[in-house]
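Dumped target21.cif below, it's mmCIF, C-alpha atoms and all ligand atoms:
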```cif
data_target
loop_
_atom_site.label_atom_id
_atom_site.label_comp_id
_atom_site.auth_asym_id
_atom_site.auth_seq_id
_atom_site.Cartn_x
_atom_site.Cartn_y
_atom_site.Cartn_z
CA MET A 604 94.08 -6.70 -11.63
CA GLU A 605 94.50 -3.59 -9.47
CA VAL A 606 95.67 -0.43 -11.18
CA GLY A 607 95.97 2.27 -8.52
CA PRO A 608 99.31 3.95 -7.79
CA GLY A 609 101.58 1.66 -5.78
CA THR A 610 99.88 -1.58 -6.86
CA LEU A 611 101.97 -4.20 -8.63
CA MET A 612 100.11 -4.02 -11.95
CA GLY A 613 99.36 -0.31 -11.64
CA ASP A 614 103.09 0.37 -11.46
CA LEU A 615 103.72 -1.81 -14.53
CA LEU A 616 100.99 -0.14 -16.59
CA ARG A 617 102.32 3.31 -15.67
CA ARG A 618 105.54 2.54 -17.60
CA TYR A 619 103.67 2.76 -20.92
CA TRP A 620 102.07 5.55 -22.90
CA THR A 621 98.32 5.03 -22.70
CA PRO A 622 95.80 6.37 -25.24
CA PHE A 623 92.87 7.81 -23.34
CA ALA A 624 91.07 10.49 -25.41
CA PRO A 625 90.60 11.60 -29.02
CA ALA A 626 92.61 14.73 -29.87
CA ALA A 627 89.70 16.16 -31.87
CA GLU A 628 87.51 16.22 -28.78
CA MET A 629 89.66 19.01 -27.33
CA ASP A 630 88.86 21.26 -30.31
CA LYS A 631 85.29 21.51 -29.03
CA GLN A 632 85.83 21.82 -25.29
CA PRO A 633 89.35 22.47 -24.01
CA THR A 634 88.93 20.88 -20.54
CA LYS A 635 87.81 17.35 -19.76
CA ALA A 636 87.50 15.42 -16.51
CA VAL A 637 89.37 12.14 -16.84
CA ARG A 638 89.69 9.16 -14.54
CA LEU A 639 92.68 7.01 -15.41
CA MET A 640 94.09 4.06 -13.46
CA GLY A 641 92.15 5.11 -10.39
CA GLU A 642 93.34 8.75 -10.48
CA ASP A 643 91.02 11.71 -10.97
CA LEU A 644 92.58 14.14 -13.43
CA VAL A 645 91.77 17.01 -15.77
CA LEU A 646 92.92 17.08 -19.35
CA TYR A 647 93.21 20.48 -20.99
CA LYS A 648 94.57 22.14 -24.10
CA ASP A 649 95.71 25.71 -23.59
CA GLY A 650 95.81 28.58 -26.07
CA SER A 651 99.38 27.72 -27.10
CA GLY A 652 98.32 24.17 -27.97
CA ASN A 653 99.97 22.58 -24.93
CA TYR A 654 98.17 19.62 -23.44
CA GLY A 655 98.11 19.27 -19.68
CA LEU A 656 96.93 16.37 -17.55
CA VAL A 657 96.79 17.49 -13.95
CA ASP A 658 95.11 16.64 -10.65
CA ARG A 659 91.36 17.10 -10.76
CA HIS A 660 91.50 19.12 -7.54
CA CYS A 661 93.16 22.48 -7.11
CA PRO A 662 95.91 22.42 -4.48
CA HIS A 663 94.52 25.65 -2.96
CA ARG A 664 91.18 24.45 -1.53
CA ARG A 665 90.41 21.49 -3.77
CA ALA A 666 87.99 22.98 -6.31
CA ASP A 667 87.26 20.93 -9.44
CA LEU A 668 89.68 22.12 -12.12
CA SER A 669 87.60 20.64 -14.94
CA TYR A 670 85.47 23.79 -14.43
CA GLY A 671 88.51 26.02 -14.74
CA TRP A 672 89.37 27.78 -17.98
CA VAL A 673 92.38 27.66 -20.25
CA GLU A 674 94.48 30.71 -21.11
CA ASP A 675 97.37 31.20 -23.52
CA CYS A 676 99.51 29.31 -21.09
CA GLY A 677 97.93 26.99 -18.56
CA LEU A 678 94.69 26.27 -16.75
CA ARG A 679 93.13 28.68 -14.26
CA CYS A 680 90.99 27.55 -11.32
CA ASN A 681 87.53 29.13 -11.33
CA TYR A 682 87.39 29.42 -7.50
CA HIS A 683 90.18 31.94 -6.67
CA GLY A 684 92.07 32.14 -9.93
CA TRP A 685 95.24 30.17 -9.24
CA LYS A 686 96.84 29.09 -12.48
CA PHE A 687 98.95 26.05 -13.40
CA ASP A 688 101.01 25.16 -16.43
CA HIS A 689 101.26 21.72 -18.05
CA SER A 690 104.36 20.84 -16.06
CA GLY A 691 102.35 21.32 -12.85
CA LYS A 692 103.96 24.62 -11.81
CA CYS A 693 101.70 27.18 -10.14
CA ILE A 694 102.23 30.31 -12.26
CA ASP A 695 99.72 32.76 -10.80
CA GLN A 696 98.01 33.41 -7.45
CA PRO A 697 96.23 36.75 -7.97
CA PHE A 698 95.40 37.80 -4.40
CA GLU A 699 98.59 36.39 -2.82
CA GLU A 700 100.64 38.44 -5.25
CA ILE A 701 98.80 41.62 -4.27
CA ALA A 702 98.97 40.91 -0.52
CA HIS A 703 102.58 39.66 -0.40
CA PRO A 704 104.31 40.51 -3.67
CA ASP A 705 107.68 39.36 -2.32
CA ALA A 706 106.58 36.11 -0.71
CA HIS A 707 106.58 34.05 -3.95
CA PHE A 708 104.14 31.63 -2.35
CA LYS A 709 103.40 30.19 -5.78
CA ASP A 710 106.95 28.88 -6.14
CA ARG A 711 106.20 26.43 -3.35
CA ILE A 712 103.02 25.08 -5.00
CA THR A 713 102.87 22.36 -7.63
CA ILE A 714 100.04 20.22 -8.88
CA LYS A 715 100.39 16.58 -9.90
CA SER A 716 100.88 16.50 -13.67
CA TYR A 717 101.58 13.91 -16.34
CA PRO A 718 103.00 14.31 -19.85
CA VAL A 719 100.56 14.08 -22.76
CA GLN A 720 101.37 13.56 -26.42
CA GLU A 721 99.26 13.51 -29.53
CA ARG A 722 99.74 10.64 -31.96
CA ALA A 723 97.47 9.11 -34.64
CA GLY A 724 94.53 11.26 -33.58
CA LEU A 725 94.76 10.07 -29.98
CA LEU A 726 96.05 11.68 -26.82
CA TRP A 727 98.47 9.50 -24.85
CA ALA A 728 99.35 9.86 -21.19
CA TYR A 729 102.45 8.70 -19.39
CA MET A 730 101.91 8.28 -15.64
CA GLY A 731 105.14 6.54 -14.64
CA PRO A 732 108.52 7.69 -13.36
CA LEU A 733 110.45 10.13 -15.56
CA PRO A 734 112.15 10.19 -17.97
CA ALA A 735 109.32 8.81 -20.07
CA PRO A 736 110.09 6.39 -22.90
CA GLU A 737 109.25 7.35 -26.49
CA VAL A 738 105.68 7.15 -27.80
CA PRO A 739 105.87 4.27 -30.29
CA VAL A 740 104.70 5.01 -33.83
CA TRP A 741 103.13 1.67 -34.68
CA GLU A 742 103.42 0.92 -38.38
CA PRO A 743 99.75 1.49 -39.31
CA PHE A 744 99.92 5.04 -37.91
CA THR A 745 102.16 5.88 -40.89
CA TRP A 746 99.93 4.42 -43.59
CA GLY A 747 98.38 6.81 -46.06
CA ASN A 748 95.14 6.84 -48.02
CA GLY A 749 93.04 5.39 -45.24
CA PHE A 750 89.86 6.38 -43.48
CA VAL A 751 90.62 6.29 -39.77
CA GLN A 752 88.11 6.53 -36.95
CA ILE A 753 88.39 6.34 -33.18
CA VAL A 754 85.64 4.63 -31.17
CA ILE A 755 85.42 4.82 -27.40
CA SER A 756 83.18 3.05 -24.88
CA GLU A 757 83.14 2.68 -21.13
CA ILE A 758 82.88 -0.94 -20.00
CA PRO A 759 81.81 -1.65 -16.41
CA CYS A 760 84.39 -4.30 -15.54
CA ASN A 761 88.08 -4.70 -14.77
CA TRP A 762 90.54 -4.16 -17.65
CA PHE A 763 92.39 -7.46 -17.35
CA GLN A 764 89.55 -9.78 -18.32
CA CYS A 765 89.15 -7.55 -21.40
CA GLN A 766 92.82 -8.03 -22.24
CA GLU A 767 92.64 -11.79 -21.69
CA ASN A 768 90.17 -11.78 -24.57
CA SER A 769 93.00 -10.47 -26.81
CA ILE A 770 94.83 -13.78 -26.60
CA ASP A 771 91.84 -16.10 -26.91
CA PRO A 772 91.45 -17.14 -30.57
CA VAL A 773 88.82 -19.84 -29.96
CA HIS A 774 86.28 -17.33 -28.70
CA PHE A 775 86.11 -15.91 -32.21
CA GLU A 776 84.47 -19.07 -33.53
CA TRP A 777 81.86 -19.14 -30.75
CA LEU A 778 81.20 -15.59 -29.53
CA HIS A 779 81.31 -14.02 -33.00
CA ASP A 780 80.71 -16.73 -35.61
CA ASN A 781 78.32 -19.19 -33.96
CA TRP A 782 76.49 -16.71 -31.73
CA GLY A 783 76.47 -14.12 -34.52
CA GLN A 784 74.86 -16.63 -36.85
CA ARG A 785 72.10 -17.27 -34.30
CA LEU A 786 71.59 -13.57 -33.66
CA ARG A 787 71.13 -13.04 -37.39
CA GLY A 788 68.69 -15.94 -37.51
CA GLN A 789 70.80 -17.84 -40.03
CA THR A 790 69.74 -21.47 -39.77
CA ASN A 791 71.01 -22.83 -43.08
CA GLY A 792 72.83 -25.64 -41.25
CA GLN A 793 76.29 -24.39 -42.29
CA LYS A 794 78.61 -24.33 -39.32
CA PRO A 795 81.46 -21.84 -39.13
CA PRO A 796 84.84 -23.57 -39.54
CA THR A 797 86.07 -24.96 -36.26
CA HIS A 798 89.55 -24.40 -34.80
CA LEU A 799 91.91 -27.34 -35.32
CA ARG A 800 95.15 -25.93 -33.93
CA ILE A 801 96.24 -22.88 -31.97
CA ALA A 802 99.68 -21.62 -30.96
CA PHE A 803 101.08 -18.69 -28.99
CA ASP A 804 104.47 -17.00 -29.19
CA GLU A 805 106.02 -14.07 -27.41
CA PHE A 806 107.86 -11.31 -29.28
CA GLU A 807 109.34 -7.98 -28.31
CA TYR A 808 106.08 -6.02 -28.23
CA GLY A 809 103.65 -8.70 -27.06
CA PHE A 810 102.39 -12.07 -28.20
CA THR A 811 101.16 -13.54 -31.43
CA TYR A 812 98.36 -16.04 -31.56
CA ARG A 813 98.09 -18.33 -34.53
CA ARG A 814 95.29 -20.59 -35.65
CA ILE A 815 94.33 -23.18 -38.22
CA ARG A 816 90.63 -23.55 -38.78
CA GLU A 817 88.86 -26.06 -41.00
CA GLY A 818 89.67 -25.29 -44.62
CA GLN A 819 92.93 -23.45 -43.77
CA SER A 820 96.46 -24.80 -44.06
CA GLU A 821 99.82 -24.25 -42.46
CA GLN A 822 100.58 -21.87 -45.34
CA ASP A 823 97.82 -19.49 -44.34
CA GLU A 824 99.03 -16.18 -42.85
CA LEU A 825 96.80 -16.73 -39.86
CA TRP A 826 99.22 -19.56 -39.05
CA THR A 827 102.51 -18.24 -40.47
CA VAL A 828 102.12 -14.66 -39.14
CA GLY A 829 99.25 -14.61 -36.68
CA ARG A 830 97.54 -11.78 -34.92
CA VAL A 831 98.92 -9.68 -32.11
CA CYS A 832 98.16 -9.25 -28.45
CA LEU A 833 100.09 -6.02 -28.00
CA TRP A 834 101.79 -5.50 -24.66
CA PRO A 835 100.48 -4.54 -22.12
CA ASN A 836 96.77 -3.90 -22.84
CA CYS A 837 95.97 -3.95 -26.54
CA LEU A 838 94.69 -6.20 -29.31
CA PHE A 839 96.08 -5.50 -32.78
CA THR A 840 94.53 -7.29 -35.74
CA GLY A 841 96.42 -5.71 -38.67
CA ASN A 842 94.35 -2.62 -39.36
CA HIS A 843 92.84 -1.92 -36.02
CA PHE A 844 93.92 -1.51 -32.43
CA GLU A 845 91.76 -2.04 -29.36
CA TRP A 846 93.21 -0.77 -26.09
CA ARG A 847 91.67 -1.84 -22.78
CA VAL A 848 92.48 1.23 -20.68
CA PRO A 849 91.83 0.98 -16.95
CA ILE A 850 89.63 3.80 -15.65
CA ASP A 851 89.87 2.18 -12.23
CA ASP A 852 89.66 -1.37 -10.87
CA GLY A 853 86.01 -1.75 -11.89
CA ARG A 854 85.81 0.11 -15.20
CA THR A 855 87.63 0.00 -18.53
CA LEU A 856 87.78 2.48 -21.37
CA SER A 857 87.70 0.62 -24.66
CA VAL A 858 89.69 2.73 -27.12
CA GLY A 859 89.52 1.55 -30.73
CA TRP A 860 91.52 2.88 -33.72
CA PHE A 861 90.32 1.62 -37.10
CA PHE A 862 92.00 2.02 -40.50
CA ASP A 863 90.25 1.33 -43.83
CA ARG A 864 92.23 1.82 -47.00
CA VAL A 865 90.34 3.77 -49.67
CA PRO A 866 90.19 2.40 -53.26
CA GLU A 867 92.85 3.76 -55.59
CA GLU A 868 90.24 5.71 -57.54
CA MET A 869 89.76 7.84 -54.41
CA GLU A 870 93.45 8.56 -53.84
CA PRO A 871 95.00 10.77 -52.68
CA PHE A 872 92.94 10.78 -49.50
CA ARG A 873 93.81 12.70 -46.35
CA GLN A 874 91.90 13.45 -43.16
CA GLU A 875 92.22 16.89 -41.63
CA ARG A 876 91.17 15.53 -38.25
CA ILE A 877 90.58 11.90 -37.30
CA PRO A 878 86.90 11.57 -36.38
CA TYR A 879 85.79 9.93 -33.14
CA TRP A 880 82.60 8.76 -31.53
CA TYR A 881 81.41 7.22 -28.29
CA GLY A 882 79.72 3.85 -28.80
CA PRO A 883 76.76 2.86 -26.61
CA ILE A 884 76.93 -0.59 -25.01
CA LYS A 885 73.40 -0.94 -23.60
CA ASP A 886 70.14 -1.30 -25.50
CA GLU A 887 68.02 1.26 -23.66
CA GLN A 888 64.75 -0.40 -24.77
CA THR A 889 65.49 -3.86 -23.41
CA GLY A 890 68.04 -2.99 -20.72
CA ARG A 891 70.32 -5.69 -22.16
CA TRP A 892 73.81 -5.23 -23.56
CA ILE A 893 73.93 -4.58 -27.32
CA GLU A 894 74.75 -7.84 -29.16
CA SER A 895 74.80 -6.88 -32.82
CA HIS A 896 78.45 -5.90 -33.49
CA VAL A 897 81.76 -7.70 -33.04
CA MET A 898 83.14 -5.68 -30.14
CA ASN A 899 79.74 -5.39 -28.48
CA GLN A 900 79.74 -9.19 -28.37
CA ASP A 901 83.13 -9.06 -26.68
CA PHE A 902 81.77 -6.52 -24.17
CA VAL A 903 78.90 -8.93 -23.35
CA ALA A 904 81.46 -11.63 -22.54
CA TRP A 905 83.68 -9.31 -20.46
CA VAL A 906 81.00 -7.77 -18.26
CA GLY A 907 79.38 -11.18 -17.93
CA GLN A 908 82.51 -12.42 -16.14
CA GLY A 909 81.71 -10.01 -13.29
CA GLY A 910 83.15 -6.69 -12.15
CA VAL A 911 86.43 -8.47 -11.52
CA ALA A 912 86.33 -12.04 -12.81
CA ASP A 913 86.76 -14.56 -9.97
CA ARG A 914 89.64 -16.67 -11.25
CA THR A 915 89.34 -19.09 -8.34
CA GLN A 916 86.11 -20.40 -9.89
CA GLU A 917 87.54 -21.03 -13.37
CA HIS A 918 88.40 -24.34 -15.05
CA LEU A 919 91.07 -23.58 -17.63
CA GLY A 920 91.61 -25.89 -20.57
CA GLU A 921 93.73 -26.23 -23.67
CA SER A 922 92.00 -23.24 -25.34
CA ASP A 923 93.27 -21.03 -22.51
CA ARG A 924 96.96 -21.58 -23.06
CA GLY A 925 97.40 -18.00 -24.26
CA VAL A 926 95.56 -16.62 -21.24
CA ILE A 927 97.78 -18.64 -18.90
CA LEU A 928 100.91 -17.45 -20.73
CA MET A 929 99.83 -13.82 -20.54
CA ARG A 930 98.97 -13.97 -16.83
CA LYS A 931 102.34 -15.51 -16.05
CA ARG A 932 104.31 -13.01 -18.14
CA MET A 933 102.44 -9.95 -16.85
CA LEU A 934 103.21 -10.96 -13.27
CA GLU A 935 106.87 -11.66 -14.10
CA GLU A 936 107.27 -8.31 -15.84
CA ALA A 937 105.51 -6.46 -13.02
CA GLU A 938 107.99 -8.01 -10.58
CA ASN A 939 110.84 -7.09 -12.90
CA VAL A 940 109.75 -3.44 -12.91
CA ARG A 941 109.32 -3.47 -9.15
CA ALA A 942 112.89 -4.77 -8.84
CA GLY A 943 114.13 -1.81 -10.90
CA GLY A 944 114.19 -3.38 -14.38
CA GLU A 945 113.21 -1.70 -17.65
CA ALA A 946 109.61 -2.41 -18.69
CA LYS A 947 109.24 -4.92 -21.52
CA GLY A 948 108.69 -3.42 -24.95
CA THR A 949 109.27 0.21 -23.99
CA ILE A 950 111.38 2.16 -26.47
CA ARG A 951 114.01 4.72 -25.47
CA ASP A 952 115.65 5.28 -28.85
CA PRO A 953 113.71 7.90 -30.85
CA LYS A 954 114.94 6.41 -34.13
CA VAL A 955 113.41 3.05 -33.22
CA ALA A 956 110.16 4.60 -31.97
CA ARG A 957 109.63 6.51 -35.23
CA PHE A 958 108.45 3.39 -37.06
CA VAL A 959 107.71 0.13 -35.26
CA GLN A 960 106.84 -2.85 -37.43
CA LEU A 961 104.39 -5.43 -36.14
CA PRO A 962 103.32 -8.83 -37.48
CA ILE A 963 100.49 -8.05 -39.91
CA VAL A 964 98.33 -10.55 -41.77
CA GLY A 965 97.77 -9.12 -45.26
CA ARG A 966 100.21 -6.21 -45.00
CA ASP A 967 100.53 -6.08 -48.81
CA PHE A 968 96.85 -5.31 -49.10
CA PHE A 969 97.13 -2.26 -46.85
CA LEU A 970 100.27 -1.04 -48.61
CA ALA A 971 99.44 -1.80 -52.24
CA GLY A 972 95.78 -0.84 -52.19
CA TYR A 973 92.99 -2.02 -54.48
CA SER A 974 90.62 -0.76 -57.10
CA MET A 975 86.86 -0.39 -57.06
CA ARG A 976 86.63 -3.33 -59.43
CA ASP A 977 88.27 -5.56 -56.81
CA VAL A 978 85.50 -4.65 -54.38
CA ALA A 979 82.84 -6.33 -56.47
CA ASN A 980 84.65 -9.68 -56.36
CA GLY A 981 86.17 -9.42 -52.90
CA SER A 982 85.09 -10.58 -49.47
CA PRO A 983 82.90 -8.22 -47.45
CA PHE A 984 85.37 -8.51 -44.58
CA ARG A 985 88.14 -7.07 -46.75
CA TYR A 986 85.93 -4.38 -48.29
CA PRO A 987 83.42 -3.57 -45.56
CA LYS A 988 80.32 -1.65 -46.60
CA ASN A 989 79.42 -0.90 -43.00
CA PHE A 990 81.27 -0.56 -39.75
CA ILE A 991 80.97 -4.03 -38.24
CA PHE A 992 82.87 -3.53 -35.00
CA GLN A 993 80.65 -1.37 -32.81
CA ALA A 994 77.04 -0.30 -32.74
CA GLY A 995 75.98 3.32 -32.88
CA GLN A 996 78.18 4.90 -35.55
CA PRO A 997 76.87 8.46 -36.04
CA GLU A 998 75.34 9.18 -39.43
CA GLU A 999 77.91 11.88 -40.30
CA ILE A 1000 80.76 9.40 -39.83
CA THR A 1001 78.97 6.72 -41.86
CA GLN A 1002 78.59 9.33 -44.59
CA ALA A 1003 82.20 10.48 -44.35
CA TYR A 1004 83.29 6.83 -44.68
CA ARG A 1005 81.15 6.30 -47.79
CA ASP A 1006 82.45 9.52 -49.32
CA ALA A 1007 86.03 8.44 -48.63
CA MET A 1008 85.39 5.02 -50.17
CA GLY A 1009 83.46 6.38 -53.14
CA MET A 1010 80.41 4.34 -52.16
CA LEU A 1011 76.80 4.91 -53.04
CA PRO A 1012 74.35 4.91 -50.10
CA ASP A 1013 73.72 1.17 -50.62
CA GLY A 1014 77.42 0.49 -50.20
CA THR A 1015 78.16 -0.30 -53.87
CA PRO A 1016 81.16 1.39 -55.50
CA ASN A 1017 80.34 4.57 -57.31
CA ILE A 1018 82.31 3.53 -60.38
CA ARG A 1019 80.30 5.50 -62.92
CA GLU A 1020 80.87 8.77 -61.20
CA ARG A 1021 84.61 8.19 -61.07
CA VAL A 1022 84.75 7.21 -64.73
CA THR A 1023 82.84 10.39 -65.63
CA LEU A 1024 85.22 12.48 -63.58
CA ALA A 1025 88.21 10.82 -65.22
S1 LIG B 1101 90.47 26.35 -4.90
FE1 LIG B 1101 91.49 26.76 -6.74
S2 LIG B 1101 92.11 28.78 -6.56
FE2 LIG B 1101 91.11 28.38 -4.68
FE FE B 1102 86.22 -10.92 -29.88
#
```

Would you mind writing the file out in structure tokens?
Amino acid sequence: MEVGPGTLMGDLLRRYWTPFAPAAEMDKQPTKAVRLMGEDLVLYKDGSGNYGLVDRHCPHRRADLSYGWVEDCGLRCNYHGWKFDHSGKCIDQPFEEIAHPDAHFKDRITIKSYPVQERAGLLWAYMGPLPAPEVPVWEPFTWGNGFVQIVISEIPCNWFQCQENSIDPVHFEWLHDNWGQRLRGQTNGQKPPTHLRIAFDEFEYGFTYRRIREGQSEQDELWTVGRVCLWPNCLFTGNHFEWRVPIDDGRTLSVGWFFDRVPEEMEPFRQERIPYWYGPIKDEQTGRWIESHVMNQDFVAWVGQGGVADRTQEHLGESDRGVILMRKRMLEEAENVRAGGEAKGTIRDPKVARFVQLPIVGRDFFLAGYSMRDVANGSPFRYPKNFIFQAGQPEEITQAYRDAMGMLPDGTPNIRERVTLA
């Protein structure tokens, strides 16, 4: 479970590009204090558009560089003005250069730095040994005509119990369906369909989990394709990703990326900047965790397991076969990396990284689109009126979503307006 530098799992996780901040956030404030895998860092975007991710503390006398300022090139410390570029080189030491112009003291100073790349509205860090692999362009990042939003929350528990949830299909029936029904006060006696069969398979970029619930058959895509537990710390359900990013051993940054296709009447649709928001997890009035939305329910389960879940007290059963598989494979792959092997699922070939296909239930729907008339007859899960995954969506993002979808404030399609325009 440990993620610090030099730990078995920390060294494995450092072989992957990790999303850790929304790119749009840096438009507002170009420096940000970041804690990632137990390391205190500062993210910045300088005047030339370069991103840097460097040690939080200045190598001169340890001032906090998140209070420094960015210049055309690099980040300058606010204490005595030393300046660093995104590769970690010290490029200015004002008083030293006056006192000893020939000493070139700065050439002997570097600051810890990690590469950062922007992709799909997110900033990704690579904290492992160089050369870094490619940043994978997962297939949905290339889809057009969708409303995308990024949602971030800090969860006060270890990352790995969050990721175990990604390969646990049975929880969906209980934590979301059955509990959700009770939370909504629905007592009509109808029980959500129960799981009859589950199966787990490994593929190049992770695992798939497959299920058959009451009323579904072996022909259903949930059985023939399945959903994805994306290596090493992500859940991918077809149109959204949820990364469980370790802040340190006791805290996790939940980073969600959500895609909703707009109806064809609203095409072409493009976003200038992908919007983001920070989702609350606690109900300040009651002091309890928020229970109302899908991922909030997951958060309740994760933090409930303890800061770091005590696996010695568990009693694993048949429903946990995916969890057991993932634990075993993570440990094997961590040992493989420690022994000098290439990390599973990393991509070195830029041509491969440019477009990486994943198993997707209902891919045709995301590619072919739909019309406003389909919405009226379709399931609310396919055509969501509201954001069901996390509580606290800011009003301006709710509004931007409705505008993108051509929805009236009550969530119904604004067909008349489109017909008039046509
Ligand atoms: S502590 Fe940063 S320049 Fe002195
Ligand atoms: Fe869940």

Could you give me, as a tab-separated table, a per-residue list for chain A showing, wherever an atom lies at most 12 Å from an atom of ligand LIG 1101 (chain B), the closest pair of atoms and their distance in Å to one decimal, using all atoms listed in the file and sorting by chain then residue number from low to high?
```
residue	atom	partner	partner_atom	distance
A:Asp658	CA	B:LIG1101	FE1	11.4
A:Arg659	CA	B:LIG1101	FE1	10.5
A:His660	CA	B:LIG1101	FE1	7.7
A:Cys661	CA	B:LIG1101	FE1	4.6
A:Pro662	CA	B:LIG1101	FE1	6.6
A:His663	CA	B:LIG1101	S1	4.5
A:Arg664	CA	B:LIG1101	S1	3.9
A:Arg665	CA	B:LIG1101	S1	5.0
A:Ala666	CA	B:LIG1101	S1	4.4
A:Asp667	CA	B:LIG1101	FE1	7.7
A:Leu668	CA	B:LIG1101	FE1	7.3
A:Ser669	CA	B:LIG1101	FE1	10.9
A:Tyr670	CA	B:LIG1101	FE1	10.2
A:Gly671	CA	B:LIG1101	FE1	8.6
A:Trp672	CA	B:LIG1101	FE1	11.5
A:Leu678	CA	B:LIG1101	FE1	10.5
A:Arg679	CA	B:LIG1101	S2	7.8
A:Cys680	CA	B:LIG1101	FE1	4.7
A:Asn681	CA	B:LIG1101	FE1	6.5
A:Tyr682	CA	B:LIG1101	FE2	4.8
A:His683	CA	B:LIG1101	S2	3.7
A:Gly684	CA	B:LIG1101	S2	4.8
A:Trp685	CA	B:LIG1101	S2	4.3
A:Lys686	CA	B:LIG1101	S2	7.6
A:Phe687	CA	B:LIG1101	FE1	10.0
A:Cys693	CA	B:LIG1101	S2	10.4
A:Ile694	CA	B:LIG1101	S2	11.7
A:Asp695	CA	B:LIG1101	S2	9.6
A:Gln696	CA	B:LIG1101	S2	7.6
A:Pro697	CA	B:LIG1101	S2	9.1
A:Phe698	CA	B:LIG1101	S2	9.8
A:Glu699	CA	B:LIG1101	S2	10.7
A:Lys709	CA	B:LIG1101	S2	11.4
A:Ile712	CA	B:LIG1101	S2	11.6
A:Ile714	CA	B:LIG1101	FE1	11.0
```

For this session: May I ask you to write as a list in words all residues lying at most 9 Å from ligand FE 1102 (chain B), with all atoms listed in the file counted?
Result: Asn768, Ser769, Asp771, Pro772, His774, Phe775, Leu778, His779, Val897, Met898, Asn899, Gln900, Asp901, Phe902 and Ala904 of chain A

Exercise. Once you count only C-alpha atoms, which residues end up no further than 12 Å from (91.8, 0.8, -50.3) in the file's frame, shown as a count of residues only?
Worked result: 39

Seminar exercise, completed: Here atom CA of A:Ala627 and atom CA of A:Asn1017 stand apart by 29.5 Å

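Separating atom CA of A:Arg891 from atom CA of A:Arg785 is a distance of 16.9 Å.
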
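Atom CA of A:Thr915 is positioned 19.5 Å from atom CA of A:Leu611.
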
Seminar exercise, completed: Using only C-alpha atoms, the residue out of A:Ala728, A:Gln784, A:Gly853, A:Leu799 with shortest distance to A:Gly641 is A:Gly853
